[in-house]
Amino acid sequence: MPITVDIDVMLARRKMSVGELAERVGITPANLAVLKNGRAKAVRFATLAALCEALDCQPGDLLRWQPGPSDDTPH
């Protein structure tokens with residue numbers, strides 16, 4: 001998928017554990033792992049906003065686009 005999730009980068013910068021972030025955001029560590037490992041197909045804006053608040057960052061600090069093959073079919 002051409003969208004890369006950089007939660008690990010922000011966790012390292014903030015010296016925060018996955019468990020602490022999951023608790024602050026209100027999601028399970030397992031769901032956070034799916035997101036941070038790039039296996040998620042979608043993320044709710046409410047979850048993205050909570051991640052940004054907990055990590056004191058902007059959405060662009062967590063998500064970036066990289067050219068490459070896409071899982072989506074053209075419309």
# chains A, B, ... in the order shown; residues from 1 in each chain; ligands from 1
call {"tool": "residues_around", "arguments": {"residues": "A:Leu55", "least_positions_apart": "4", "cutoff": "9 Å", "atoms": "only C-alpha atoms", "output": "list in words"}}
result
Met10, Leu11, Arg14, Met16, Leu21, Ala50 and Leu51 of chain A
call {"tool": "write_last_selection", "arguments": {"atoms": "N, CA and C atoms", "output": "mmCIF file, in the first residue's frame"}}
result
data_model
loop_
_atom_site.group_PDB
_atom_site.id
_atom_site.type_symbol
_atom_site.label_atom_id
_atom_site.label_comp_id
_atom_site.auth_asym_id
_atom_site.auth_seq_id
_atom_site.Cartn_x
_atom_site.Cartn_y
_atom_site.Cartn_z
ATOM 1 N N MET A 10 7.348 8.455 15.802
ATOM 2 C CA MET A 10 6.845 9.393 16.799
ATOM 3 C C MET A 10 6.933 8.815 18.216
ATOM 4 N N LEU A 11 6.706 7.511 18.353
ATOM 5 C CA LEU A 11 6.852 6.888 19.667
ATOM 6 C C LEU A 11 8.286 7.039 20.173
ATOM 7 N N ARG A 14 8.997 10.622 21.228
ATOM 8 C CA ARG A 14 8.304 10.993 22.465
ATOM 9 C C ARG A 14 8.680 10.090 23.640
ATOM 10 N N MET A 16 7.797 7.035 24.248
ATOM 11 C CA MET A 16 6.536 6.485 24.736
ATOM 12 C C MET A 16 6.411 5.038 24.267
ATOM 13 N N LEU A 21 0.680 4.594 24.622
ATOM 14 C CA LEU A 21 -0.044 5.287 23.559
ATOM 15 C C LEU A 21 -1.436 4.700 23.391
ATOM 16 N N ALA A 50 -6.912 11.484 17.960
ATOM 17 C CA ALA A 50 -6.463 11.072 19.292
ATOM 18 C C ALA A 50 -4.972 10.733 19.285
ATOM 19 N N LEU A 51 -4.501 10.107 18.209
ATOM 20 C CA LEU A 51 -3.070 9.811 18.079
ATOM 21 C C LEU A 51 -2.271 11.104 18.030
#
call {"tool": "residues_around", "arguments": {"residues": "stretch 60-65 of chain A", "least_positions_apart": "2", "cutoff": "7 Å", "atoms": "only C-alpha atoms", "output": "JSON, numbers by chain"}}
result
{"A": [2, 3, 4, 5, 6, 7, 57, 58, 67]}
call {"tool": "select_by_dssp", "arguments": {"residues": "chain A", "states": "strand (DSSP E or B)", "output": "JSON, numbers by chain"}}
result
{"A": [3, 4, 5, 63, 64, 65]}
call {"tool": "atom_distance", "arguments": {"atom1": "atom CA of A:Ile27", "atom2": "atom CA of A:Ala46"}}
result
11.3 Å
